[in-house]
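J.: Following this message is one structure expressed as structure tokens.
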Amino acid sequence: MEFKPKILGFLCNWCSYAGADLAGVSRIQYSPNIRIIRVMCSGRVDPIFIAEGFSRKIDGILVLGCHPGDCHYISGNYEAEMKMNMLSKLLKFIGFSERLRLDWVSASEGNKFAQIVNEFNDHICNLGPSPIRNEELELKLSEDFAAIKSVLSDSRLRILVSKERELIEKGNVYNEIVPKEHFNRILDDALYNEYIRRKILQKIKLQGKSVPEISKEVEIEPHKVLKHIVTLRQRGLVDLDAIHEEIPTFISIEE
């Protein structure tokens, strides 16, 4: 049976949605596999929406906004770019980053809209169905997406991402410009560490476990697990559960 991907598109009201409308009235053909959600601005697309879409077996997601510099709300598309960059880094941990695309379409670019949709449709067809459709992978990937959504809800990370342009273009409180490569390294480390911490919290949510047990389940070295446990205890998210034969177990106390 021929694979027909389920593609979700978030289109900004002022440019890309108008471009899609132009493609329609101009009778420009494009893949019918896309389902469109109109938003007032691409900057209003919360990454959690996209993670939720993937967790519900959507094969690919497009986010289309105004060209940089042409945003109806001045900087909304720049905010979208920063958010999608953060999300793409997280999706890379579980092999979903290639299923997300951010691009720009103006109200007069009906042809470009159709081209992007067709290209993305072909790209998803080549990738095949979402791995979460596989019954053997569904539980694990559902847990992975739950961890990703938890990371995306972290206010500290959201603040860090919101400061990206300011730090790179204007500098920090000491007027020091932060090189983009340096900022990306900081963001990469922060996202990875928070993702692992959320995975640890999942593993000890219902039952206390030792560091070696957690290490085996999240597939990282025990000494790294211990460092994350210390951080989570400092945040009040983990506590000592019990001690068996001098081996401590830890349990999540996250509300």
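Residue numbering restarts at 1 in every chain; chains get A, B, ... in the order shown in the structure tokens, and ligands count up from 1 in that same order.
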Write out as number ranges by chain which residues come within 12 Å of His228 (chain A) when counting only C-alpha atoms, dropping same-chain ones fewer than 2 positions away.

T.: A: 192-201, 211, 214-215, 218, 220-226, 230-235, 237-238, 250

J.: I need the residues of region 2-174 of chain A that end up classed as alpha helix (DSSP H) by DSSP on the backbone, written out as a PyMOL selection string.

T.: chain A and resi 16-25+47-55+76-92+110-127+135-152+155-162+164-165

J.: Nearest residue to Ile61 (chain A) out of A:Leu87, A:Ile229, A:Val25, A:Ile7, using only C-alpha atoms?

T.: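 Of all the options, A:Ile7 lies closest to Ile61 (chain A).
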
J.: May I ask which of the residues A:Ala80, A:Ile124, A:Leu64, A:Leu191 is the closest one to Lys92 (chain A), counting only C-alpha atoms?

T.: A:Leu191

J.: If DSSP is run on the backbone, what residues of region 52-212 of chain A are strand (DSSP E)? A reply as an NGL selection string would be ideal.

T.: :A and (60-65 or 100-104)

J.: Can I get the selected residues back with N, CA and C atoms, as an mmCIF file, in the first residue's frame?

T.:
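And here is the file that came out, out.cif:
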```cif
data_model
loop_
_atom_site.group_PDB
_atom_site.id
_atom_site.type_symbol
_atom_site.label_atom_id
_atom_site.label_comp_id
_atom_site.auth_asym_id
_atom_site.auth_seq_id
_atom_site.Cartn_x
_atom_site.Cartn_y
_atom_site.Cartn_z
ATOM 1 N N GLY A 60 5.278 14.544 9.432
ATOM 2 C CA GLY A 60 6.130 15.696 9.193
ATOM 3 C C GLY A 60 5.397 16.985 9.502
ATOM 4 N N ILE A 61 6.140 18.006 9.943
ATOM 5 C CA ILE A 61 5.512 19.282 10.311
ATOM 6 C C ILE A 61 6.269 20.441 9.674
ATOM 7 N N LEU A 62 5.513 21.313 9.022
ATOM 8 C CA LEU A 62 6.029 22.534 8.399
ATOM 9 C C LEU A 62 5.612 23.743 9.222
ATOM 10 N N VAL A 63 6.544 24.669 9.409
ATOM 11 C CA VAL A 63 6.218 25.958 10.008
ATOM 12 C C VAL A 63 6.636 27.022 8.994
ATOM 13 N N LEU A 64 5.675 27.789 8.509
ATOM 14 C CA LEU A 64 5.943 28.796 7.481
ATOM 15 C C LEU A 64 5.557 30.178 7.994
ATOM 16 N N GLY A 65 6.475 31.119 7.831
ATOM 17 C CA GLY A 65 6.221 32.481 8.284
ATOM 18 C C GLY A 65 6.626 33.511 7.251
ATOM 19 N N LEU A 100 10.985 18.003 10.619
ATOM 20 C CA LEU A 100 10.529 19.371 10.892
ATOM 21 C C LEU A 100 11.216 20.320 9.920
ATOM 22 N N ARG A 101 10.458 21.259 9.364
ATOM 23 C CA ARG A 101 11.046 22.262 8.472
ATOM 24 C C ARG A 101 10.441 23.632 8.757
ATOM 25 N N LEU A 102 11.317 24.631 8.847
ATOM 26 C CA LEU A 102 10.912 26.026 8.984
ATOM 27 C C LEU A 102 11.308 26.748 7.710
ATOM 28 N N ASP A 103 10.378 27.533 7.146
ATOM 29 C CA ASP A 103 10.702 28.281 5.922
ATOM 30 C C ASP A 103 9.853 29.536 5.861
ATOM 31 N N TRP A 104 10.146 30.356 4.838
ATOM 32 C CA TRP A 104 9.494 31.663 4.709
ATOM 33 C C TRP A 104 8.769 31.770 3.377
#
```

J.: Kindly assemble as CSV a list of the region 112-165 of chain A residues that lie within 9 Å of region 28-41 of chain A, each paired with its nearest atom pair and their distance in Å to one decimal, using only C-alpha atoms, sorted first by chain and then by ascending residue number.

T.:
```
residue,atom,partner,partner_atom,distance
A:Phe113,CA,A:Tyr30,CA,8.5
A:Ala114,CA,A:Tyr30,CA,5.1
A:Gln115,CA,A:Tyr30,CA,7.3
A:Ile116,CA,A:Tyr30,CA,9.0
A:Val117,CA,A:Ser31,CA,6.5
A:Asn118,CA,A:Ser31,CA,5.6
A:Asn121,CA,A:Ser31,CA,6.9
```

J.: Which residues are close to Ile168 (chain A), i.e. within 7 Å by only C-alpha atoms, leaving aside same-chain residues fewer than 3 positions away? Reply as a VMD selection string.

T.: chain A and resid 164 to 165 171 177 to 180

J.: Mind checking which residues fall within 12 Å of region 136-144 of chain A, counting only C-alpha atoms, ignoring those fewer than 2 positions away in the same chain, and posting them as a VMD selection string?

T.: chain A and resid 51 to 57 90 to 96 130 to 134 146 to 151 195 to 203 217 to 218

J.: Based on the selection just made, write N, CA and C atoms of those residues as a short mmCIF file (atom, residue, chain, number, x, y, z; two decimals), in the first residue's frame.

T.:
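again21.cif was written with the following content:
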```cif
data_model
loop_
_atom_site.label_atom_id
_atom_site.label_comp_id
_atom_site.auth_asym_id
_atom_site.auth_seq_id
_atom_site.Cartn_x
_atom_site.Cartn_y
_atom_site.Cartn_z
N ALA A 51 5.88 19.06 19.21
CA ALA A 51 6.19 17.81 19.89
C ALA A 51 4.93 16.98 20.10
N GLU A 52 3.83 17.65 20.43
CA GLU A 52 2.55 16.96 20.62
C GLU A 52 2.09 16.34 19.30
N GLY A 53 2.26 17.08 18.20
CA GLY A 53 1.89 16.56 16.89
C GLY A 53 2.66 15.29 16.54
N PHE A 54 3.97 15.31 16.77
CA PHE A 54 4.78 14.13 16.49
C PHE A 54 4.39 12.97 17.39
N SER A 55 4.06 13.26 18.63
CA SER A 55 3.68 12.19 19.56
C SER A 55 2.34 11.57 19.16
N ARG A 56 1.58 12.28 18.33
CA ARG A 56 0.28 11.77 17.85
C ARG A 56 0.39 11.21 16.43
N LYS A 57 1.63 10.82 16.05
CA LYS A 57 1.90 10.06 14.82
C LYS A 57 1.82 10.89 13.55
N LEU A 90 16.52 19.21 20.15
CA LEU A 90 15.91 18.18 21.00
C LEU A 90 15.43 16.98 20.17
N LEU A 91 14.81 17.27 19.02
CA LEU A 91 14.30 16.19 18.17
C LEU A 91 15.43 15.33 17.62
N LYS A 92 16.60 15.92 17.51
CA LYS A 92 17.76 15.18 17.00
C LYS A 92 18.13 14.03 17.94
N PHE A 93 17.87 14.20 19.23
CA PHE A 93 18.18 13.15 20.21
C PHE A 93 17.43 11.86 19.91
N ILE A 94 16.24 11.98 19.29
CA ILE A 94 15.41 10.79 19.06
C ILE A 94 15.16 10.55 17.57
N GLY A 95 15.92 11.23 16.71
CA GLY A 95 15.85 10.96 15.28
C GLY A 95 14.67 11.56 14.55
N PHE A 96 14.13 12.67 15.06
CA PHE A 96 12.96 13.29 14.42
C PHE A 96 13.26 14.66 13.80
N SER A 130 6.29 7.78 10.34
CA SER A 130 6.86 8.13 11.64
C SER A 130 7.18 6.87 12.43
N PRO A 131 8.38 6.80 13.03
CA PRO A 131 8.74 5.61 13.82
C PRO A 131 7.77 5.31 14.95
N ILE A 132 7.05 6.34 15.42
CA ILE A 132 6.13 6.13 16.53
C ILE A 132 4.92 5.29 16.11
N ARG A 133 4.74 5.12 14.79
CA ARG A 133 3.67 4.25 14.32
C ARG A 133 4.01 2.77 14.52
N ASN A 134 5.29 2.49 14.73
CA ASN A 134 5.74 1.13 14.99
C ASN A 134 5.37 0.75 16.42
N ALA A 146 7.41 12.77 25.90
CA ALA A 146 6.99 13.32 27.19
C ALA A 146 8.15 14.06 27.85
N ALA A 147 9.36 13.49 27.74
CA ALA A 147 10.56 14.14 28.29
C ALA A 147 10.85 15.43 27.54
N ILE A 148 10.72 15.40 26.22
CA ILE A 148 10.97 16.59 25.41
C ILE A 148 9.99 17.71 25.75
N LYS A 149 8.71 17.36 25.90
CA LYS A 149 7.71 18.38 26.25
C LYS A 149 7.98 18.96 27.63
N SER A 150 8.49 18.13 28.53
CA SER A 150 8.85 18.62 29.86
C SER A 150 10.02 19.60 29.78
N VAL A 151 11.00 19.28 28.94
CA VAL A 151 12.14 20.19 28.74
C VAL A 151 11.66 21.51 28.15
N TYR A 195 17.27 17.12 29.07
CA TYR A 195 16.59 15.96 28.50
C TYR A 195 16.91 14.70 29.31
N ILE A 196 18.19 14.51 29.63
CA ILE A 196 18.59 13.34 30.43
C ILE A 196 17.96 13.39 31.81
N ARG A 197 17.91 14.58 32.42
CA ARG A 197 17.30 14.70 33.75
C ARG A 197 15.81 14.33 33.73
N ARG A 198 15.13 14.74 32.66
CA ARG A 198 13.71 14.41 32.54
C ARG A 198 13.53 12.90 32.34
N LYS A 199 14.47 12.28 31.62
CA LYS A 199 14.41 10.83 31.44
C LYS A 199 14.63 10.13 32.78
N ILE A 200 15.55 10.63 33.57
CA ILE A 200 15.80 10.06 34.90
C ILE A 200 14.56 10.16 35.77
N LEU A 201 13.91 11.33 35.75
CA LEU A 201 12.69 11.51 36.55
C LEU A 201 11.60 10.53 36.12
N GLN A 202 11.52 10.24 34.83
CA GLN A 202 10.54 9.26 34.35
C GLN A 202 10.81 7.88 34.96
N LYS A 203 12.09 7.50 35.00
CA LYS A 203 12.47 6.16 35.45
C LYS A 203 12.23 5.94 36.94
N GLU A 217 19.12 2.01 32.44
CA GLU A 217 17.88 2.34 31.74
C GLU A 217 18.00 3.57 30.85
N VAL A 218 18.77 4.58 31.27
CA VAL A 218 18.91 5.79 30.45
C VAL A 218 20.17 5.74 29.58
#
```
